[in-house]
file protein_26.cif (mmCIF, C-alpha atoms)
data_my_file
loop_
_atom_site.label_atom_id
_atom_site.label_comp_id
_atom_site.auth_asym_id
_atom_site.auth_seq_id
_atom_site.Cartn_x
_atom_site.Cartn_y
_atom_site.Cartn_z
CA MET A 1 317.64 44.16 -50.40
CA GLN A 2 316.84 42.80 -53.85
CA SER A 3 313.95 43.55 -56.21
CA THR A 4 312.60 41.22 -58.87
CA ALA A 5 309.55 40.42 -60.95
CA ALA A 6 307.66 37.54 -59.32
CA ILE A 7 304.56 35.39 -59.65
CA LEU A 8 302.83 34.23 -56.48
CA LEU A 9 302.63 30.42 -56.36
CA ARG A 10 301.33 29.64 -52.90
CA LYS A 11 300.65 31.17 -49.49
CA ARG A 12 299.98 29.79 -46.02
CA LYS A 13 299.66 30.96 -42.45
CA PHE A 14 302.94 31.53 -40.61
CA SER A 15 301.58 33.15 -37.45
CA ASP A 16 298.53 35.05 -36.29
CA THR A 17 299.76 38.10 -38.17
CA SER A 18 302.08 36.80 -40.92
CA LEU A 19 302.12 34.61 -44.04
CA ILE A 20 304.66 32.44 -45.80
CA VAL A 21 304.48 33.24 -49.50
CA SER A 22 306.09 31.19 -52.28
CA TRP A 23 307.19 32.88 -55.51
CA CYS A 24 308.59 32.10 -58.92
CA THR A 25 310.88 35.06 -59.57
CA GLU A 26 312.79 36.36 -62.55
CA SER A 27 316.16 36.87 -60.87
CA LEU A 28 316.10 34.81 -57.64
CA GLY A 29 314.47 31.56 -58.77
CA CYS A 30 311.68 29.94 -56.77
CA ILE A 31 311.81 31.35 -53.24
CA GLN A 32 309.85 31.49 -49.99
CA THR A 33 309.31 34.70 -48.07
CA VAL A 34 307.69 35.68 -44.81
CA ALA A 35 305.24 38.56 -45.19
CA LYS A 36 305.23 40.04 -41.71
CA GLY A 37 301.92 41.61 -40.69
CA ALA A 38 300.18 40.45 -43.89
CA ARG A 39 297.22 39.02 -41.92
CA ARG A 40 296.53 42.24 -40.07
CA ALA A 41 293.57 44.43 -41.02
CA LYS A 42 295.83 47.33 -41.97
CA THR A 43 298.81 46.10 -43.96
CA PRO A 44 300.73 47.45 -46.97
CA PHE A 45 300.31 43.98 -48.52
CA SER A 46 296.51 44.25 -48.63
CA GLY A 47 295.07 43.13 -51.99
CA LYS A 48 298.51 42.26 -53.36
CA LEU A 49 299.06 38.69 -52.17
CA ASP A 50 296.76 36.40 -54.10
CA LEU A 51 297.43 33.25 -56.11
CA PHE A 52 298.84 33.73 -59.61
CA PHE A 53 299.41 37.50 -59.18
CA GLU A 54 302.35 38.92 -61.15
CA THR A 55 304.18 41.48 -59.06
CA GLU A 56 307.42 43.32 -58.43
CA ILE A 57 308.73 42.36 -54.98
CA SER A 58 311.50 43.60 -52.72
CA VAL A 59 313.15 40.99 -50.53
CA VAL A 60 315.76 40.95 -47.78
CA THR A 61 317.54 37.66 -48.37
CA SER A 62 318.54 35.49 -45.43
CA ARG A 63 322.04 34.07 -45.10
CA LYS A 64 320.95 31.47 -42.55
CA SER A 65 317.92 29.89 -44.24
CA THR A 66 315.86 29.72 -47.42
CA LEU A 67 313.08 31.80 -45.84
CA HIS A 68 313.55 35.43 -46.82
CA THR A 69 311.76 38.60 -45.69
CA LEU A 70 309.27 40.27 -47.99
CA THR A 71 309.33 44.05 -47.63
CA GLU A 72 307.34 45.42 -50.57
CA VAL A 73 304.92 44.21 -53.26
CA VAL A 74 303.79 46.15 -56.33
CA LEU A 75 300.97 44.46 -58.25
CA LYS A 76 301.62 44.31 -62.02
CA ASN A 77 299.08 41.84 -63.40
CA PRO A 78 296.42 39.96 -61.41
CA PHE A 79 295.55 37.69 -64.37
CA VAL A 80 291.87 38.03 -63.47
CA GLY A 81 290.85 35.93 -66.47
CA ILE A 82 292.32 32.82 -64.83
CA ARG A 83 289.51 33.00 -62.26
CA LYS A 84 286.79 33.14 -64.93
CA ASN A 85 286.19 29.41 -64.68
CA TYR A 86 287.37 26.40 -62.74
CA LEU A 87 289.19 24.82 -65.68
CA ARG A 88 291.52 27.79 -66.12
CA THR A 89 292.23 27.82 -62.38
CA GLN A 90 292.81 24.07 -62.42
CA ALA A 91 295.34 24.36 -65.26
CA ALA A 92 297.17 27.24 -63.55
CA ALA A 93 297.37 25.24 -60.31
CA TYR A 94 298.80 22.27 -62.23
CA PHE A 95 301.49 24.46 -63.79
CA VAL A 96 302.43 25.73 -60.31
CA GLU A 97 302.59 22.21 -58.85
CA LEU A 98 304.75 20.99 -61.73
CA ILE A 99 307.20 23.85 -61.32
CA GLU A 100 307.42 23.24 -57.58
CA ILE A 101 308.26 19.57 -58.16
CA CYS A 102 310.87 20.28 -60.83
CA THR A 103 312.82 23.15 -59.28
CA GLU A 104 315.14 23.60 -56.34
CA ARG A 105 314.50 26.48 -54.00
CA ASP A 106 316.62 29.59 -54.66
CA HIS A 107 317.91 28.18 -57.95
CA HIS A 108 318.06 30.98 -60.51
CA GLU A 109 316.35 30.07 -63.80
CA PRO A 110 314.96 33.13 -65.64
CA GLU A 111 313.45 31.00 -68.43
CA LEU A 112 311.20 29.35 -65.86
CA PHE A 113 309.66 32.66 -64.84
CA ALA A 114 309.17 33.64 -68.49
CA LEU A 115 307.46 30.32 -69.22
CA LEU A 116 305.05 30.67 -66.31
CA ARG A 117 304.24 34.28 -67.22
CA ARG A 118 303.46 33.25 -70.81
CA ALA A 119 301.32 30.35 -69.58
CA PHE A 120 299.33 32.58 -67.24
CA GLY A 121 298.95 35.16 -69.99
CA TYR A 122 297.44 32.46 -72.19
CA LEU A 123 295.06 31.26 -69.45
CA ASP A 124 294.09 34.85 -68.73
CA ALA A 125 292.53 35.04 -72.20
CA ASN A 126 291.83 31.43 -73.18
CA ASP A 127 290.44 28.20 -71.80
CA PRO A 128 293.10 25.48 -71.55
CA ASN A 129 293.28 22.53 -73.93
CA LEU A 130 295.43 19.42 -74.25
CA ARG A 131 297.79 21.17 -76.64
CA ALA A 132 298.45 23.99 -74.15
CA ILE A 133 299.25 21.51 -71.36
CA SER A 134 301.57 19.55 -73.65
CA HIS A 135 303.33 22.74 -74.74
CA PHE A 136 303.98 23.79 -71.15
CA GLU A 137 305.36 20.34 -70.26
CA THR A 138 307.57 20.34 -73.35
CA GLU A 139 309.00 23.76 -72.60
CA LEU A 140 309.58 22.92 -68.93
CA ALA A 141 311.34 19.69 -69.89
CA ARG A 142 313.56 21.63 -72.29
CA ILE A 143 314.48 24.15 -69.60
CA MET A 144 315.24 21.33 -67.16
CA GLY A 145 317.30 19.55 -69.79
CA VAL A 146 315.53 16.21 -69.45
CA HIS A 147 313.73 15.68 -72.76
CA ALA A 148 315.18 14.13 -75.88
CA ARG A 149 313.23 13.07 -78.94
CA SER A 150 315.35 9.95 -79.30
CA GLY A 151 313.57 8.41 -76.32
CA GLU A 152 316.26 9.03 -73.75
CA SER A 153 316.74 11.88 -71.32
CA THR A 154 319.63 14.29 -71.86
CA SER A 155 320.17 14.31 -68.08
CA THR A 156 323.15 12.18 -67.07
CA SER A 157 321.97 11.89 -63.49
CA SER A 158 318.84 9.92 -64.34
CA PRO A 159 318.57 8.45 -67.83
CA VAL A 160 314.96 7.87 -68.84
CA LYS A 161 314.02 5.44 -71.57
CA ALA A 162 310.70 5.14 -73.29
CA SER A 163 308.96 1.84 -73.94
CA PRO A 164 310.06 0.08 -77.14
CA GLY A 165 308.46 1.68 -80.16
CA ARG A 166 307.14 4.64 -78.16
CA ALA A 167 308.54 8.16 -78.05
CA LEU A 168 309.56 9.64 -74.74
CA THR A 169 307.09 12.35 -73.72
CA PRO A 170 308.18 15.44 -71.79
CA ALA A 171 305.86 14.59 -68.88
CA PHE A 172 307.25 11.04 -68.75
CA ALA A 173 310.80 12.41 -68.62
CA LEU A 174 310.00 14.94 -65.91
CA GLY A 175 308.11 12.39 -63.81
CA ASN A 176 310.92 9.87 -63.95
CA LEU A 177 313.67 12.36 -63.20
CA PHE A 178 311.92 14.07 -60.29
CA GLY A 179 310.13 11.00 -58.97
CA ARG A 180 306.54 12.02 -59.59
CA LEU A 181 304.09 14.25 -61.39
CA PRO A 182 301.31 16.26 -59.73
CA LEU A 183 298.29 14.15 -58.80
CA SER A 184 296.15 16.85 -60.38
CA ARG A 185 297.48 16.01 -63.86
CA THR A 186 295.30 12.96 -64.53
CA PRO A 187 291.92 14.55 -63.64
CA LEU A 188 292.91 17.70 -65.57
CA LEU A 189 293.74 15.73 -68.72
CA LYS A 190 290.55 13.67 -68.43
CA THR A 191 288.46 16.83 -68.16
CA LEU A 192 290.20 18.42 -71.13
CA ALA A 193 289.80 15.27 -73.22
CA SER A 194 286.09 15.22 -72.37
CA GLU A 195 285.78 18.90 -73.33
CA THR A 196 287.47 18.17 -76.66
CA LYS A 197 285.07 15.32 -77.42
CA SER A 198 282.05 17.44 -76.51
CA LYS A 199 283.16 20.25 -78.81
CA ALA A 200 283.81 17.78 -81.63
CA LYS A 201 280.29 16.34 -81.29
CA LYS A 202 278.71 19.78 -81.33
CA SER A 203 280.61 20.82 -84.46
CA ALA A 204 279.83 17.53 -86.27
#
call {"tool": "encode", "arguments": {"input": "protein_26.cif", "output": "structure tokens"}}
result
Amino acid sequence: MQSTAAILLRKRKFSDTSLIVSWCTESLGCIQTVAKGARRAKTPFSGKLDLFFETEISVVTSRKSTLHTLTEVVLKNPFVGIRKNYLRTQAAAYFVELIEICTERDHHEPELFALLRRAFGYLDANDPNLRAISHFETELARIMGVHARSGESTSTSSPVKASPGRALTPAFALGNLFGRLPLSRTPLLKTLASETKSKAKKSA
């Protein structure tokens, strides 16, 4: 059995009584667990398995598959501020989707957990803006080793070049290396750009 700090990324029905729960963890990487009995009325997991929750989990790791068994959850920070408005929730969901695209299951990367925890801490107290999204993408690209200011990826497996005269952006590098970016990115950026313009007009 192993214990680790973890942030809940996603959950879905596994059976009439159980859930499959995806986590970004501090010491095990991004993992999937089965929470047996989590859908029952009386369960020790009650109130502890919700999106974006920061927890301490205990897991029995499987040697045969990437689906491990969740045995205990201790809630540390529910980040309730993220649910204050749709825009915060939308940004948090985008961060989760981007991490899921850019990481391999069970790959240990402690910086990734720290980045997501900082991002959720920010959204817990602040509305997102374009700068916050850009910062997250930049940091994720750095952790993944795919962003170079010269306009070419530092990854040897998939060199990425920017258009002539244009700098390579972190999101561009990530999208090219991993094949895609979350579909939610474009509507999120459009909404944030609109919010920025509205605030600028009001302050003018």
call {"tool": "atom_distance", "arguments": {"input": "protein_26.cif", "atom1": "CA of Met1 in chain A", "atom2": "CA of Phe52 in chain A"}}
result
23.4 Å
call {"tool": "resolve_selection", "arguments": {"input": "protein_26.cif", "expression": "the PyMOL selection byres ((chain A and resi 182) around 7)", "output": "ChimeraX atom specification"}}
result
/A:94,97-98,180-181,183-185
call {"tool": "closest_atom_pairs", "arguments": {"input": "protein_26.cif", "of": "range 69-162 of chain A", "to": "range 6-30 of chain A", "cutoff": "10 Å", "atoms": "only C-alpha atoms", "output": "Markdown table"}}
result
| residue | atom | partner | partner_atom | distance |
| --- | --- | --- | --- | --- |
| A:Thr69 | CA | A:Ile20 | CA | 9.4 |
| A:Leu70 | CA | A:Val21 | CA | 8.6 |
| A:Val73 | CA | A:Ala6 | CA | 9.4 |
| A:Val74 | CA | A:Ala6 | CA | 9.9 |
| A:Leu75 | CA | A:Ala6 | CA | 9.7 |
| A:Lys76 | CA | A:Ala6 | CA | 9.5 |
| A:Asn77 | CA | A:Ile7 | CA | 9.3 |
| A:Pro78 | CA | A:Ile7 | CA | 9.5 |
| A:Ala92 | CA | A:Leu9 | CA | 9.6 |
| A:Ala93 | CA | A:Leu9 | CA | 8.4 |
| A:Phe95 | CA | A:Leu9 | CA | 9.6 |
| A:Val96 | CA | A:Leu9 | CA | 6.1 |
| A:Glu97 | CA | A:Leu9 | CA | 8.6 |
| A:Ile99 | CA | A:Cys24 | CA | 8.7 |
| A:Glu100 | CA | A:Cys30 | CA | 8.0 |
| A:Thr103 | CA | A:Cys30 | CA | 7.3 |
| A:Glu104 | CA | A:Cys30 | CA | 7.2 |
| A:Arg105 | CA | A:Cys30 | CA | 5.3 |
| A:Asp106 | CA | A:Gly29 | CA | 5.0 |
| A:His107 | CA | A:Gly29 | CA | 4.9 |
| A:His108 | CA | A:Gly29 | CA | 4.0 |
| A:Glu109 | CA | A:Gly29 | CA | 5.6 |
| A:Pro110 | CA | A:Glu26 | CA | 5.0 |
| A:Glu111 | CA | A:Glu26 | CA | 8.0 |
| A:Leu112 | CA | A:Cys24 | CA | 7.9 |
| A:Phe113 | CA | A:Glu26 | CA | 5.4 |
| A:Ala114 | CA | A:Glu26 | CA | 7.5 |
| A:Leu116 | CA | A:Ile7 | CA | 8.2 |
| A:Arg117 | CA | A:Ile7 | CA | 7.7 |
| A:Phe120 | CA | A:Ile7 | CA | 9.6 |
call {"tool": "closest_residue", "arguments": {"input": "protein_26.cif", "among": "A:Lys202, A:Leu188, A:Lys48, A:Ala38", "to": "Arg88 in chain A", "atoms": "all atoms listed in the file"}}
result
A:Leu188
call {"tool": "closest_residue", "arguments": {"input": "protein_26.cif", "among": "A:Ile31, A:Ala125, A:Lys197, A:Ile143", "to": "Asn85 in chain A", "atoms": "all atoms listed in the file"}}
result
A:Ala125
call {"tool": "resolve_selection", "arguments": {"input": "protein_26.cif", "expression": "the PyMOL selection byres ((chain A and resi 189) around 12)", "output": "list in words"}}
result
Leu87, Gln90, Ala91, Tyr94, Pro128, Asn129, Leu130, Arg131, Ala132, Ile133, Ser134, Pro182, Leu183, Ser184, Arg185, Thr186, Pro187, Leu188, Lys190, Thr191, Leu192, Ala193, Ser194, Glu195 and Thr196 of chain A
call {"tool": "write_last_selection", "arguments": {"input": "protein_26.cif", "atoms": "C-alpha atoms", "output": "short mmCIF file (atom, residue, chain, number, x, y, z; two decimals), in the frame of the given file"}}
result
data_model
loop_
_atom_site.label_atom_id
_atom_site.label_comp_id
_atom_site.auth_asym_id
_atom_site.auth_seq_id
_atom_site.Cartn_x
_atom_site.Cartn_y
_atom_site.Cartn_z
CA LEU A 87 289.19 24.82 -65.68
CA GLN A 90 292.81 24.07 -62.42
CA ALA A 91 295.34 24.36 -65.26
CA TYR A 94 298.80 22.27 -62.23
CA PRO A 128 293.10 25.48 -71.55
CA ASN A 129 293.28 22.53 -73.93
CA LEU A 130 295.43 19.42 -74.25
CA ARG A 131 297.79 21.17 -76.64
CA ALA A 132 298.45 23.99 -74.15
CA ILE A 133 299.25 21.51 -71.36
CA SER A 134 301.57 19.55 -73.65
CA PRO A 182 301.31 16.26 -59.73
CA LEU A 183 298.29 14.15 -58.80
CA SER A 184 296.15 16.85 -60.38
CA ARG A 185 297.48 16.01 -63.86
CA THR A 186 295.30 12.96 -64.53
CA PRO A 187 291.92 14.55 -63.64
CA LEU A 188 292.91 17.70 -65.57
CA LYS A 190 290.55 13.67 -68.43
CA THR A 191 288.46 16.83 -68.16
CA LEU A 192 290.20 18.42 -71.13
CA ALA A 193 289.80 15.27 -73.22
CA SER A 194 286.09 15.22 -72.37
CA GLU A 195 285.78 18.90 -73.33
CA THR A 196 287.47 18.17 -76.66
#
call {"tool": "closest_residue", "arguments": {"input": "protein_26.cif", "among": "A:Leu123, A:Cys102, A:Leu168, A:Val59", "to": "Met144 in chain A", "atoms": "only C-alpha atoms"}}
result
A:Cys102
call {"tool": "atom_distance", "arguments": {"input": "protein_26.cif", "atom1": "CA of Lys36 in chain A", "atom2": "CA of Asp50 in chain A"}}
result
15.4 Å
call {"tool": "atom_distance", "arguments": {"input": "protein_26.cif", "atom1": "CA of Leu51 in chain A", "atom2": "CA of Glu137 in chain A"}}
result
20.7 Å
call {"tool": "closest_residue", "arguments": {"input": "protein_26.cif", "among": "A:Ala141, A:Thr89, A:Asp124, A:Lys201", "to": "Phe172 in chain A", "atoms": "only C-alpha atoms"}}
result
A:Ala141
call {"tool": "closest_residue", "arguments": {"input": "protein_26.cif", "among": "A:Arg118, A:Gly179, A:Ala35, A:Phe53", "to": "Phe79 in chain A", "atoms": "all atoms listed in the file"}}
result
A:Phe53
call {"tool": "closest_residue", "arguments": {"input": "protein_26.cif", "among": "A:Ile57, A:Leu49, A:Leu177, A:Val34", "to": "Ser3 in chain A", "atoms": "all atoms listed in the file"}}
result
A:Ile57
